[in-house]
Amino acid sequence: MAMSSIHKLLTGIYIHKNFLRPRAALPPFVGSHCVDYSSSSLQKKVTSVDRASQQGKTEEGLQGHDHKEVALDAPSPDRTPEVSFDKAIRDEAIEHFRRLKDEIVAHLRGPDGRPLQEVIMEQARVVWQFREKEDLDKWIVTSDKTIGGRSEIFLKMSKNNRSALLYGTLSSEPPQDGDSRQSGYCAMISRIPRGAFERKLSYDWSQFNTLYLRVRGDGRPWMVNIRQDTEFIQRKNQMYSYFMFTRGGPYWQEVKIPFSKFFFSNQGRVRDVQGPLVLDKISSIGFTLSDKVDGPFFLEIDFIGVFTDPAHTEEFAYENSPVLNPRLFR
């Protein structure tokens with residue numbers, strides 16, 4: 001009886017000792033049942049996580065391999081593209097020769113590439129008009145800011161894209177440079193037309209006798225300036241000028257100025273020696289505001305053209321004498 005009791009006691013202690021043996025290092029407040037159950041669940045979860053991580057690493061490795069292959073095919077952003085100056089010069093020369101060919105063909109066809117009969121019968125011609133933003137690229141705006149003044153001028157298309165709006169602010173305050181005593185001007189000048197190989201071209205208005213404009217202003221007087229392409233006999237600051245008076249208000253006005261009215265000037269001063277304008281060598285036209293009235297201004301331009309007025313027969317509006325201009329009396 002005593003031996004059987006001792007055997008049962010030793011067997012219970014052995015089973016109890018094996019059952020309570022810890023499977024993982026956990027806090028002492030966790031029971032034995034929780035230890036056994038948690039350890040098995042942790043093993044299962046760790047196994048699934050390891051498999052998922054291995055699978056993810058495998059997919060990342062494959063994707064990384066694909067990215068590497070794509071990166072090998074794509075150019076590096078750090079590499080600068082190769083520039084061939086010989087190719088650029090060759091393409092530019094080809095383009096200029098193509099333009100020269102078109103100019104020769106147009107000249108053989110007639111003036112301005114049109115039949116001679118059509119040009120002879122022409123009574124009016126629109127030289128500049130403003131219907132799109134590319135038309136503004138044919139013009140340059142400038143002011144006394146180039147010498148340190150405070151006048152501002154801008155050029156843009158109108159809201160309906162049917163005219164150009166020239167606006168800004170005129171200031172007659174001289175620049176603080178100690179040299180200039182006068183200031184206050186704004187100007188709009190047309191670009192000189194260029195042909196093949198950047199050759200200067202000119203307008204031929206010899207068959208017309210009047211400048212024709214459709215404008216709308218604020219009542220300010222403007223100076224219309226015409227330059228000739230005669231660089232061998234006169235300087236670039238010499239031009240022919242005449243006044244254009246705007247009425248102001250919402251209505252358009254048509255301005256007609258005969259070419260015989262334009263007087264010869266140099267650096268803004270009327271010269272004593274006058275001569276007619278050479279109409280077959282016109283290089284550019286411009287508009288200048290310098291009325292010494294500070295404040296905002298605007299001038300809206302629809303088109304600029306030339307036409308033949310049969311009622312105008314005057315050749316030159318200004319007198320000359322053998323003392324002032326002996327070349328006209330030889």
# chains A, B, ... in the order shown; residues from 1 in each chain; ligands from 1
>>> residues_around(residues="range 273-282 of chain A", least_positions_apart="5", cutoff="6 Å", atoms="only C-alpha atoms", output="mmCIF file with all heavy atoms, in the first residue's frame")
data_model
loop_
_atom_site.group_PDB
_atom_site.id
_atom_site.type_symbol
_atom_site.label_atom_id
_atom_site.label_comp_id
_atom_site.auth_asym_id
_atom_site.auth_seq_id
_atom_site.Cartn_x
_atom_site.Cartn_y
_atom_site.Cartn_z
ATOM 1 N N SER A 202 13.467 95.280 -98.188
ATOM 2 C CA SER A 202 12.789 96.575 -98.109
ATOM 3 C C SER A 202 11.434 96.473 -98.785
ATOM 4 O O SER A 202 11.179 95.565 -99.584
ATOM 5 C CB SER A 202 13.631 97.689 -98.742
ATOM 6 O OG SER A 202 13.882 97.397 -100.113
ATOM 7 N N TYR A 203 10.577 97.438 -98.461
ATOM 8 C CA TYR A 203 9.247 97.511 -99.066
ATOM 9 C C TYR A 203 9.283 98.484 -100.240
ATOM 10 O O TYR A 203 9.910 99.540 -100.160
ATOM 11 C CB TYR A 203 8.212 97.982 -98.041
ATOM 12 C CG TYR A 203 8.082 97.073 -96.837
ATOM 13 C CD1 TYR A 203 8.740 97.373 -95.649
ATOM 14 C CD2 TYR A 203 7.292 95.928 -96.877
ATOM 15 C CE1 TYR A 203 8.618 96.557 -94.526
ATOM 16 C CE2 TYR A 203 7.170 95.106 -95.772
ATOM 17 C CZ TYR A 203 7.830 95.423 -94.599
ATOM 18 O OH TYR A 203 7.719 94.612 -93.500
ATOM 19 N N ASP A 204 8.560 98.121 -101.281
ATOM 20 C CA ASP A 204 8.465 98.966 -102.468
ATOM 21 C C ASP A 204 7.064 99.560 -102.525
ATOM 22 O O ASP A 204 6.091 98.878 -102.851
ATOM 23 C CB ASP A 204 8.755 98.155 -103.730
ATOM 24 C CG ASP A 204 8.800 99.027 -104.977
ATOM 25 O OD1 ASP A 204 8.657 100.264 -104.849
ATOM 26 O OD2 ASP A 204 8.976 98.478 -106.081
ATOM 27 N N TRP A 205 6.974 100.850 -102.172
ATOM 28 C CA TRP A 205 5.695 101.550 -102.202
ATOM 29 C C TRP A 205 5.690 102.625 -103.289
ATOM 30 O O TRP A 205 4.970 103.622 -103.198
ATOM 31 C CB TRP A 205 5.428 102.215 -100.848
ATOM 32 C CG TRP A 205 5.316 101.240 -99.717
ATOM 33 C CD1 TRP A 205 5.133 99.894 -99.794
ATOM 34 C CD2 TRP A 205 5.364 101.548 -98.321
ATOM 35 N NE1 TRP A 205 5.063 99.332 -98.550
ATOM 36 C CE2 TRP A 205 5.212 100.324 -97.614
ATOM 37 C CE3 TRP A 205 5.526 102.725 -97.585
ATOM 38 C CZ2 TRP A 205 5.209 100.268 -96.221
ATOM 39 C CZ3 TRP A 205 5.525 102.654 -96.198
ATOM 40 C CH2 TRP A 205 5.362 101.432 -95.533
ATOM 41 N N SER A 206 6.469 102.438 -104.316
ATOM 42 C CA SER A 206 6.631 103.486 -105.331
ATOM 43 C C SER A 206 5.355 103.731 -106.133
ATOM 44 O O SER A 206 5.193 104.821 -106.699
ATOM 45 C CB SER A 206 7.780 103.119 -106.273
ATOM 46 O OG SER A 206 7.550 101.851 -106.860
ATOM 47 N N GLN A 228 14.217 104.749 -94.351
ATOM 48 C CA GLN A 228 14.632 104.253 -95.659
ATOM 49 C C GLN A 228 15.813 103.300 -95.514
ATOM 50 O O GLN A 228 16.623 103.433 -94.594
ATOM 51 C CB GLN A 228 15.045 105.421 -96.574
ATOM 52 C CG GLN A 228 13.919 106.365 -96.918
ATOM 53 C CD GLN A 228 14.387 107.476 -97.831
ATOM 54 O OE1 GLN A 228 13.590 108.136 -98.471
ATOM 55 N NE2 GLN A 228 15.677 107.704 -97.891
ATOM 56 N N ASP A 229 15.894 102.369 -96.424
ATOM 57 C CA ASP A 229 17.028 101.441 -96.437
ATOM 58 C C ASP A 229 18.126 102.018 -97.325
ATOM 59 O O ASP A 229 18.445 101.500 -98.397
ATOM 60 C CB ASP A 229 16.576 100.071 -96.945
ATOM 61 C CG ASP A 229 17.673 99.029 -96.810
ATOM 62 O OD1 ASP A 229 18.640 99.279 -96.063
ATOM 63 O OD2 ASP A 229 17.578 97.973 -97.464
ATOM 64 N N PHE A 264 11.971 115.515 -93.521
ATOM 65 C CA PHE A 264 13.213 114.852 -93.158
ATOM 66 C C PHE A 264 13.705 115.369 -91.810
ATOM 67 O O PHE A 264 13.749 116.583 -91.570
ATOM 68 C CB PHE A 264 14.263 115.113 -94.245
ATOM 69 C CG PHE A 264 15.578 114.429 -93.996
ATOM 70 C CD1 PHE A 264 15.658 113.060 -93.861
ATOM 71 C CD2 PHE A 264 16.736 115.173 -93.891
ATOM 72 C CE1 PHE A 264 16.861 112.435 -93.634
ATOM 73 C CE2 PHE A 264 17.954 114.560 -93.671
ATOM 74 C CZ PHE A 264 18.018 113.183 -93.531
ATOM 75 N N LEU A 324 20.157 125.917 -100.003
ATOM 76 C CA LEU A 324 19.959 124.837 -99.042
ATOM 77 C C LEU A 324 20.236 123.468 -99.648
ATOM 78 O O LEU A 324 20.875 122.616 -99.041
ATOM 79 C CB LEU A 324 18.538 124.887 -98.475
ATOM 80 C CG LEU A 324 18.184 126.145 -97.666
ATOM 81 C CD1 LEU A 324 16.728 126.090 -97.237
ATOM 82 C CD2 LEU A 324 19.090 126.277 -96.440
ATOM 83 N N ASN A 325 19.743 123.258 -100.866
ATOM 84 C CA ASN A 325 19.884 121.937 -101.476
ATOM 85 C C ASN A 325 20.273 122.113 -102.946
ATOM 86 O O ASN A 325 19.420 122.079 -103.844
ATOM 87 C CB ASN A 325 18.561 121.183 -101.372
ATOM 88 C CG ASN A 325 18.722 119.690 -101.641
ATOM 89 O OD1 ASN A 325 19.799 119.235 -102.029
ATOM 90 N ND2 ASN A 325 17.664 118.933 -101.431
#
>>> residues_around(residues="Leu170 in chain A", least_positions_apart="5", cutoff="6 Å", atoms="only C-alpha atoms", output="PyMOL selection string")
chain A and resi 151+294-295
>>> select_by_dssp(residues="range 100-273 of chain A", states="alpha helix (DSSP H)", output="count of residues only")
15
>>> closest_residue(among="A:Arg114, A:Arg227, A:Arg191, A:Arg99", to="Ser265 in chain A", atoms="only C-alpha atoms")
A:Arg227
>>> select_by_dssp(residues="range 70-258 of chain A", states="strand (DSSP E or B)", output="JSON, numbers by chain")
{"A": [124, 125, 126, 127, 128, 129, 139, 140, 141, 142, 143, 152, 153, 154, 155, 156, 157, 164, 165, 166, 167, 168, 169, 170, 186, 187, 188, 189, 190, 194, 200, 203, 210, 211, 212, 213, 214, 215, 216, 217, 221, 222, 223, 224, 225, 226, 227, 228, 238, 239, 240, 241, 242, 243, 244, 245, 253, 254, 255, 256, 257, 258]}
>>> residues_around(residues="range 300-308 of chain A", least_positions_apart="4", cutoff="7 Å", atoms="only C-alpha atoms", output="PyMOL selection string")
chain A and resi 123-130+162-166+208-217
>>> write_last_selection(atoms="N, CA and C atoms", output="PDB file, in the first residue's frame")
ATOM      1  N   GLN A 123      -4.484  99.055-106.275  1.00  0.00           N
ATOM      2  CA  GLN A 123      -4.716 100.410-105.802  1.00  0.00           C
ATOM      3  C   GLN A 123      -4.492 100.571-104.305  1.00  0.00           C
ATOM      4  N   ALA A 124      -4.504  99.485-103.560  1.00  0.00           N
ATOM      5  CA  ALA A 124      -4.322  99.535-102.106  1.00  0.00           C
ATOM      6  C   ALA A 124      -3.684  98.230-101.656  1.00  0.00           C
ATOM      7  N   ARG A 125      -2.949  98.314-100.549  1.00  0.00           N
ATOM      8  CA  ARG A 125      -2.264  97.141-100.014  1.00  0.00           C
ATOM      9  C   ARG A 125      -2.188  97.252 -98.492  1.00  0.00           C
ATOM     10  N   VAL A 126      -2.544  96.184 -97.819  1.00  0.00           N
ATOM     11  CA  VAL A 126      -2.402  96.102 -96.364  1.00  0.00           C
ATOM     12  C   VAL A 126      -1.026  95.512 -96.067  1.00  0.00           C
ATOM     13  N   VAL A 127      -0.170  96.287 -95.424  1.00  0.00           N
ATOM     14  CA  VAL A 127       1.192  95.856 -95.136  1.00  0.00           C
ATOM     15  C   VAL A 127       1.277  95.151 -93.785  1.00  0.00           C
ATOM     16  N   TRP A 128       0.637  95.715 -92.780  1.00  0.00           N
ATOM     17  CA  TRP A 128       0.625  95.119 -91.434  1.00  0.00           C
ATOM     18  C   TRP A 128      -0.820  95.080 -90.944  1.00  0.00           C
ATOM     19  N   GLN A 129      -1.218  93.966 -90.409  1.00  0.00           N
ATOM     20  CA  GLN A 129      -2.497  93.844 -89.737  1.00  0.00           C
ATOM     21  C   GLN A 129      -2.329  92.965 -88.501  1.00  0.00           C
ATOM     22  N   PHE A 130      -3.294  93.033 -87.615  1.00  0.00           N
ATOM     23  CA  PHE A 130      -3.184  92.351 -86.324  1.00  0.00           C
ATOM     24  C   PHE A 130      -4.403  91.458 -86.144  1.00  0.00           C
ATOM     25  N   ARG A 162      -8.750  91.176 -82.933  1.00  0.00           N
ATOM     26  CA  ARG A 162      -8.932  91.818 -84.228  1.00  0.00           C
ATOM     27  C   ARG A 162      -8.125  93.095 -84.356  1.00  0.00           C
ATOM     28  N   SER A 163      -7.304  93.408 -83.355  1.00  0.00           N
ATOM     29  CA  SER A 163      -6.493  94.620 -83.393  1.00  0.00           C
ATOM     30  C   SER A 163      -5.403  94.500 -82.337  1.00  0.00           C
ATOM     31  N   ALA A 164      -4.437  95.413 -82.414  1.00  0.00           N
ATOM     32  CA  ALA A 164      -3.338  95.468 -81.448  1.00  0.00           C
ATOM     33  C   ALA A 164      -3.544  96.659 -80.529  1.00  0.00           C
ATOM     34  N   LEU A 165      -3.259  96.462 -79.243  1.00  0.00           N
ATOM     35  CA  LEU A 165      -3.426  97.518 -78.252  1.00  0.00           C
ATOM     36  C   LEU A 165      -2.061  97.934 -77.730  1.00  0.00           C
ATOM     37  N   LEU A 166      -1.709  99.184 -77.981  1.00  0.00           N
ATOM     38  CA  LEU A 166      -0.461  99.771 -77.506  1.00  0.00           C
ATOM     39  C   LEU A 166      -0.797 100.691 -76.336  1.00  0.00           C
ATOM     40  N   PHE A 208       2.358 103.836-104.867  1.00  0.00           N
ATOM     41  CA  PHE A 208       1.350 104.423-103.980  1.00  0.00           C
ATOM     42  C   PHE A 208       1.812 105.816-103.552  1.00  0.00           C
ATOM     43  N   ASN A 209       0.864 106.610-103.097  1.00  0.00           N
ATOM     44  CA  ASN A 209       1.209 107.974-102.689  1.00  0.00           C
ATOM     45  C   ASN A 209       0.667 108.361-101.316  1.00  0.00           C
ATOM     46  N   THR A 210       0.019 107.442-100.606  1.00  0.00           N
ATOM     47  CA  THR A 210      -0.603 107.801 -99.326  1.00  0.00           C
ATOM     48  C   THR A 210      -0.480 106.635 -98.339  1.00  0.00           C
ATOM     49  N   LEU A 211      -0.191 106.996 -97.098  1.00  0.00           N
ATOM     50  CA  LEU A 211      -0.191 106.020 -96.010  1.00  0.00           C
ATOM     51  C   LEU A 211      -1.587 105.966 -95.411  1.00  0.00           C
ATOM     52  N   TYR A 212      -2.071 104.758 -95.161  1.00  0.00           N
ATOM     53  CA  TYR A 212      -3.458 104.563 -94.733  1.00  0.00           C
ATOM     54  C   TYR A 212      -3.464 103.733 -93.453  1.00  0.00           C
ATOM     55  N   LEU A 213      -4.084 104.282 -92.379  1.00  0.00           N
ATOM     56  CA  LEU A 213      -4.158 103.593 -91.096  1.00  0.00           C
ATOM     57  C   LEU A 213      -5.582 103.646 -90.560  1.00  0.00           C
ATOM     58  N   ARG A 214      -5.926 102.623 -89.813  1.00  0.00           N
ATOM     59  CA  ARG A 214      -7.203 102.600 -89.081  1.00  0.00           C
ATOM     60  C   ARG A 214      -6.872 102.416 -87.606  1.00  0.00           C
ATOM     61  N   VAL A 215      -7.092 103.470 -86.820  1.00  0.00           N
ATOM     62  CA  VAL A 215      -6.661 103.486 -85.421  1.00  0.00           C
ATOM     63  C   VAL A 215      -7.798 104.007 -84.540  1.00  0.00           C
ATOM     64  N   ARG A 216      -7.584 103.836 -83.237  1.00  0.00           N
ATOM     65  CA  ARG A 216      -8.491 104.385 -82.231  1.00  0.00           C
ATOM     66  C   ARG A 216      -7.641 104.770 -81.025  1.00  0.00           C
ATOM     67  N   GLY A 217      -7.592 106.064 -80.693  1.00  0.00           N
ATOM     68  CA  GLY A 217      -6.708 106.546 -79.648  1.00  0.00           C
ATOM     69  C   GLY A 217      -7.432 107.288 -78.555  1.00  0.00           C
TER      70      GLY A 217
END
>>> closest_residue(among="A:Phe259, A:Phe287, A:Phe297, A:Tyr251", to="Ala317 in chain A", atoms="only C-alpha atoms")
A:Phe259
>>> atom_distance(atom1="CA of Gly149 in chain A", atom2="CA of Ile192 in chain A")
25.9 Å
>>> closest_residue(among="A:Leu108, A:Val255, A:Leu155, A:Val224", to="Tyr242 in chain A", atoms="only C-alpha atoms")
A:Val224
>>> atom_distance(atom1="CA of Asp112 in chain A", atom2="CA of Glu314 in chain A")
27.2 Å
>>> atom_distance(atom1="CA of Arg247 in chain A", atom2="CA of Val270 in chain A")
25.3 Å
>>> closest_residue(among="A:Glu132, A:Leu100, A:Asp144, A:Ile226", to="Lys159 in chain A", atoms="only C-alpha atoms")
A:Glu132
